[in-house]
file work-v6.cif (mmCIF, N, CA and C atoms and all ligand atoms)
data_structure
loop_
_atom_site.label_atom_id
_atom_site.label_comp_id
_atom_site.auth_asym_id
_atom_site.auth_seq_id
_atom_site.Cartn_x
_atom_site.Cartn_y
_atom_site.Cartn_z
N MET A 1 13.58 -21.26 -11.74
CA MET A 1 13.83 -19.83 -11.93
C MET A 1 15.33 -19.58 -12.01
N ASN A 2 15.76 -18.98 -13.08
CA ASN A 2 17.19 -18.70 -13.18
C ASN A 2 17.55 -17.38 -12.50
N ARG A 3 18.86 -17.12 -12.45
CA ARG A 3 19.31 -15.97 -11.70
C ARG A 3 18.77 -14.65 -12.26
N LYS A 4 18.69 -14.61 -13.58
CA LYS A 4 18.23 -13.38 -14.22
C LYS A 4 16.76 -13.09 -13.87
N GLN A 5 15.95 -14.14 -13.87
CA GLN A 5 14.54 -13.97 -13.53
C GLN A 5 14.37 -13.53 -12.09
N ARG A 6 15.21 -14.14 -11.21
CA ARG A 6 15.10 -13.80 -9.80
C ARG A 6 15.47 -12.32 -9.57
N ARG A 7 16.51 -11.89 -10.30
CA ARG A 7 16.91 -10.49 -10.17
C ARG A 7 15.80 -9.55 -10.64
N ALA A 8 15.15 -9.92 -11.72
CA ALA A 8 14.07 -9.11 -12.26
C ALA A 8 12.92 -9.04 -11.26
N LEU A 9 12.66 -10.17 -10.60
CA LEU A 9 11.59 -10.22 -9.60
C LEU A 9 11.91 -9.30 -8.44
N ASN A 10 13.14 -9.39 -7.94
CA ASN A 10 13.56 -8.51 -6.84
C ASN A 10 13.44 -7.05 -7.23
N ARG A 11 13.82 -6.78 -8.46
CA ARG A 11 13.75 -5.40 -8.92
C ARG A 11 12.30 -4.92 -8.92
N ASN A 12 11.39 -5.76 -9.33
CA ASN A 12 9.99 -5.39 -9.34
C ASN A 12 9.47 -5.11 -7.94
N LEU A 13 9.89 -5.94 -6.99
CA LEU A 13 9.43 -5.76 -5.62
C LEU A 13 9.92 -4.44 -5.05
N ASP A 14 11.08 -4.01 -5.49
CA ASP A 14 11.69 -2.80 -4.94
C ASP A 14 11.39 -1.55 -5.74
N LYS A 15 10.68 -1.68 -6.81
CA LYS A 15 10.67 -0.58 -7.77
C LYS A 15 10.03 0.71 -7.27
N ASN A 16 9.25 0.61 -6.20
CA ASN A 16 8.62 1.83 -5.72
C ASN A 16 9.41 2.57 -4.65
N THR A 17 10.54 2.03 -4.25
CA THR A 17 11.31 2.74 -3.25
C THR A 17 12.02 3.93 -3.89
N ALA A 18 12.19 4.95 -3.09
CA ALA A 18 12.85 6.16 -3.60
C ALA A 18 14.25 5.86 -4.10
N ALA A 19 14.91 4.87 -3.48
CA ALA A 19 16.28 4.53 -3.86
C ALA A 19 16.36 4.19 -5.35
N ASN A 20 15.35 3.52 -5.84
CA ASN A 20 15.39 3.09 -7.24
C ASN A 20 14.93 4.16 -8.22
N LEU A 21 14.28 5.16 -7.71
CA LEU A 21 13.71 6.15 -8.61
C LEU A 21 14.35 7.53 -8.51
N THR A 22 15.00 7.78 -7.39
CA THR A 22 15.56 9.12 -7.16
C THR A 22 16.50 9.54 -8.28
N GLU A 23 17.45 8.64 -8.59
CA GLU A 23 18.45 8.97 -9.59
C GLU A 23 17.82 9.27 -10.94
N LYS A 24 16.90 8.41 -11.31
CA LYS A 24 16.21 8.52 -12.58
C LYS A 24 15.40 9.82 -12.65
N ILE A 25 14.63 10.05 -11.59
CA ILE A 25 13.73 11.19 -11.60
C ILE A 25 14.49 12.51 -11.47
N SER A 26 15.56 12.50 -10.68
CA SER A 26 16.30 13.74 -10.47
C SER A 26 16.88 14.26 -11.78
N GLN A 27 17.08 13.36 -12.73
CA GLN A 27 17.55 13.79 -14.04
C GLN A 27 16.55 14.74 -14.68
N PHE A 28 15.31 14.53 -14.36
CA PHE A 28 14.26 15.36 -14.95
C PHE A 28 13.86 16.50 -14.02
N ASP A 29 14.56 16.54 -12.88
CA ASP A 29 14.30 17.61 -11.93
C ASP A 29 12.85 17.63 -11.46
N LYS A 30 12.30 16.43 -11.31
CA LYS A 30 10.90 16.35 -10.91
C LYS A 30 10.73 15.78 -9.51
N MET A 31 11.84 15.36 -8.94
CA MET A 31 11.77 14.74 -7.63
C MET A 31 11.32 15.75 -6.58
N PRO A 32 10.22 15.45 -5.88
CA PRO A 32 9.76 16.38 -4.84
C PRO A 32 10.81 16.52 -3.73
N GLN A 33 10.82 17.63 -3.08
CA GLN A 33 11.77 17.90 -2.01
C GLN A 33 11.18 17.57 -0.65
N GLN A 34 9.92 17.11 -0.66
CA GLN A 34 9.23 16.90 0.60
C GLN A 34 8.13 15.86 0.42
N CYS A 35 7.63 15.35 1.56
CA CYS A 35 6.51 14.42 1.51
C CYS A 35 5.30 15.11 0.91
N SER A 36 4.65 14.44 -0.03
CA SER A 36 3.51 15.06 -0.71
C SER A 36 2.28 15.15 0.19
N ALA A 37 2.31 14.45 1.31
CA ALA A 37 1.16 14.48 2.20
C ALA A 37 1.39 15.41 3.40
N CYS A 38 2.53 15.29 4.07
CA CYS A 38 2.75 16.07 5.30
C CYS A 38 3.82 17.14 5.15
N GLN A 39 4.44 17.24 3.98
CA GLN A 39 5.44 18.27 3.70
C GLN A 39 6.73 18.12 4.52
N LYS A 40 6.93 16.92 5.06
CA LYS A 40 8.20 16.68 5.75
C LYS A 40 9.34 16.73 4.72
N ALA A 41 10.43 17.36 5.07
CA ALA A 41 11.54 17.54 4.12
C ALA A 41 12.19 16.21 3.77
N PHE A 42 12.51 16.04 2.51
CA PHE A 42 13.18 14.84 2.04
C PHE A 42 14.60 15.18 1.62
N ASP A 43 15.54 14.40 2.14
CA ASP A 43 16.95 14.61 1.78
C ASP A 43 17.40 13.43 0.94
N LYS A 44 17.57 13.65 -0.34
CA LYS A 44 17.91 12.52 -1.23
C LYS A 44 19.33 12.02 -1.01
N LYS A 45 20.10 12.70 -0.21
CA LYS A 45 21.45 12.22 0.11
C LYS A 45 21.45 11.33 1.34
N ASP A 46 20.32 11.28 2.05
CA ASP A 46 20.19 10.44 3.24
C ASP A 46 19.76 9.04 2.81
N LYS A 47 20.69 8.08 2.91
CA LYS A 47 20.41 6.75 2.36
C LYS A 47 19.24 6.05 3.04
N ASP A 48 19.11 6.22 4.35
CA ASP A 48 18.00 5.59 5.05
C ASP A 48 16.67 6.16 4.58
N MET A 49 16.67 7.45 4.38
CA MET A 49 15.46 8.12 3.91
C MET A 49 15.09 7.64 2.51
N VAL A 50 16.11 7.60 1.66
CA VAL A 50 15.89 7.20 0.28
C VAL A 50 15.34 5.77 0.19
N LYS A 51 15.78 4.92 1.13
CA LYS A 51 15.33 3.53 1.12
C LYS A 51 13.91 3.36 1.67
N SER A 52 13.53 4.22 2.59
CA SER A 52 12.26 4.00 3.27
C SER A 52 11.09 4.81 2.70
N TRP A 53 11.40 5.87 2.00
CA TRP A 53 10.33 6.67 1.41
C TRP A 53 9.84 6.03 0.11
N SER A 54 8.61 6.31 -0.26
CA SER A 54 8.07 5.75 -1.49
C SER A 54 7.77 6.84 -2.52
N VAL A 55 8.01 6.48 -3.75
CA VAL A 55 7.75 7.39 -4.86
C VAL A 55 6.60 6.83 -5.69
N VAL A 56 5.66 7.69 -6.01
CA VAL A 56 4.56 7.28 -6.88
C VAL A 56 4.57 8.19 -8.11
N VAL A 57 4.70 7.56 -9.26
CA VAL A 57 4.71 8.34 -10.49
C VAL A 57 3.45 8.03 -11.27
N LYS A 58 2.69 9.06 -11.55
CA LYS A 58 1.44 8.87 -12.28
C LYS A 58 1.29 10.00 -13.28
N GLN A 59 1.24 9.65 -14.53
CA GLN A 59 1.06 10.63 -15.61
C GLN A 59 2.03 11.81 -15.46
N GLU A 60 3.31 11.48 -15.28
CA GLU A 60 4.39 12.47 -15.19
C GLU A 60 4.35 13.32 -13.93
N VAL A 61 3.42 13.02 -13.03
CA VAL A 61 3.43 13.72 -11.75
C VAL A 61 4.09 12.81 -10.72
N VAL A 62 5.11 13.32 -10.07
CA VAL A 62 5.85 12.53 -9.11
C VAL A 62 5.41 12.92 -7.70
N ARG A 63 5.03 11.91 -6.93
CA ARG A 63 4.69 12.17 -5.54
C ARG A 63 5.60 11.36 -4.65
N LEU A 64 5.90 11.93 -3.51
CA LEU A 64 6.82 11.31 -2.58
C LEU A 64 6.14 11.19 -1.23
N PHE A 65 6.29 10.02 -0.61
CA PHE A 65 5.63 9.82 0.68
C PHE A 65 6.60 9.29 1.72
N CYS A 66 6.57 9.90 2.91
CA CYS A 66 7.42 9.47 4.01
C CYS A 66 6.82 8.20 4.64
N PRO A 67 7.62 7.47 5.42
CA PRO A 67 7.13 6.21 6.01
C PRO A 67 5.88 6.41 6.87
N ASP A 68 5.80 7.52 7.58
CA ASP A 68 4.63 7.78 8.42
C ASP A 68 3.36 7.86 7.58
N CYS A 69 3.44 8.55 6.47
CA CYS A 69 2.27 8.72 5.61
C CYS A 69 1.94 7.43 4.87
N ILE A 70 2.96 6.64 4.54
CA ILE A 70 2.72 5.34 3.90
C ILE A 70 1.94 4.45 4.87
N LYS A 71 2.39 4.48 6.14
CA LYS A 71 1.75 3.69 7.17
C LYS A 71 0.30 4.15 7.36
N ALA A 72 0.11 5.44 7.43
CA ALA A 72 -1.23 5.99 7.60
C ALA A 72 -2.13 5.60 6.43
N ALA A 73 -1.58 5.68 5.22
CA ALA A 73 -2.36 5.33 4.04
C ALA A 73 -2.76 3.86 4.06
N LYS A 74 -1.84 3.00 4.53
CA LYS A 74 -2.15 1.58 4.60
C LYS A 74 -3.25 1.31 5.61
N GLU A 75 -3.21 2.04 6.74
CA GLU A 75 -4.26 1.89 7.76
C GLU A 75 -5.62 2.27 7.18
N ILE A 76 -5.63 3.36 6.43
CA ILE A 76 -6.89 3.82 5.83
C ILE A 76 -7.42 2.77 4.85
N LEU A 77 -6.50 2.23 4.03
CA LEU A 77 -6.91 1.21 3.07
C LEU A 77 -7.47 -0.02 3.78
N LYS A 78 -6.81 -0.38 4.88
CA LYS A 78 -7.24 -1.54 5.65
C LYS A 78 -8.63 -1.30 6.22
N ASN A 79 -8.84 -0.11 6.77
CA ASN A 79 -10.13 0.22 7.36
C ASN A 79 -11.24 0.31 6.32
N ASN A 80 -10.84 0.67 5.11
CA ASN A 80 -11.83 0.80 4.04
C ASN A 80 -12.02 -0.50 3.27
N GLY A 81 -11.31 -1.53 3.68
CA GLY A 81 -11.33 -2.79 2.96
C GLY A 81 -12.72 -3.41 2.87
N THR A 82 -13.53 -3.16 3.90
CA THR A 82 -14.88 -3.72 3.89
C THR A 82 -15.91 -2.62 3.72
N ARG A 83 -15.57 -1.69 2.87
CA ARG A 83 -16.45 -0.52 2.65
C ARG A 83 -17.79 -0.96 2.05
N THR A 84 -18.84 -0.43 2.62
CA THR A 84 -20.17 -0.75 2.10
C THR A 84 -20.60 0.31 1.09
N GLN A 85 -21.59 0.00 0.34
CA GLN A 85 -22.07 0.96 -0.67
C GLN A 85 -22.76 2.12 0.01
N ASP A 86 -22.52 3.29 -0.53
CA ASP A 86 -23.05 4.49 0.06
C ASP A 86 -24.25 4.99 -0.72
ZN ZN A 101 4.55 12.40 5.16
#
call {"tool": "encode", "arguments": {"input": "work-v6.cif", "output": "structure tokens"}}
result
Amino acid sequence: MNRKQRRALNRNLDKNTAANLTEKISQFDKMPQQCSACQKAFDKKDKDMVKSWSVVVKQEVVRLFCPDCIKAAKEILKNNGTRTQD
């Protein structure tokens, strides 16, 4: 693996962090100002916040999630991992 490939891989791993998307999305003025789940305020100038929050872009709708909600969502996914047919 050459350096360029490794950089591309790292970029892919990080691509959902707010840090990588805030600048891009703010150009379109679509960046939410708060967590899409709990409405906690998001400060895009706060570097720690920008690094830890996640951005989900789907069909031009931008959603933002705080670490607490990301954690909660992961717990739900984990609990539903062995979901039986209803
Ligand atoms: Zn939240």
call {"tool": "closest_residue", "arguments": {"input": "work-v6.cif", "among": "A:Ala19, A:Cys35, A:Val50, A:Ile76", "to": "ligand ZN 101 (chain A)", "atoms": "all atoms listed in the file"}}
result
A:Cys35
call {"tool": "atom_distance", "arguments": {"input": "work-v6.cif", "atom1": "atom N of A:Gln39", "atom2": "atom CA of A:Val56"}}
result
14.7 Å
call {"tool": "closest_atom_pairs", "arguments": {"input": "work-v6.cif", "of": "chain A", "to": "ligand ZN 101 (chain A)", "cutoff": "6.5 Å", "atoms": "all atoms listed in the file", "output": "tab-separated table"}}
result
residue	atom	partner	partner_atom	distance
A:Cys35	CA	A:ZN101	ZN	4.6
A:Ser36	N	A:ZN101	ZN	5.6
A:Ala37	C	A:ZN101	ZN	4.7
A:Cys38	N	A:ZN101	ZN	3.7
A:Gln39	N	A:ZN101	ZN	5.0
A:Lys40	N	A:ZN101	ZN	5.1
A:Phe65	C	A:ZN101	ZN	5.1
A:Cys66	N	A:ZN101	ZN	3.9
A:Pro67	N	A:ZN101	ZN	5.8
A:Asp68	C	A:ZN101	ZN	5.3
A:Cys69	N	A:ZN101	ZN	4.2
A:Ile70	N	A:ZN101	ZN	6.0
call {"tool": "atom_distance", "arguments": {"input": "work-v6.cif", "atom1": "atom CA of A:Asp43", "atom2": "atom N of A:Gln59"}}
result
23.2 Å
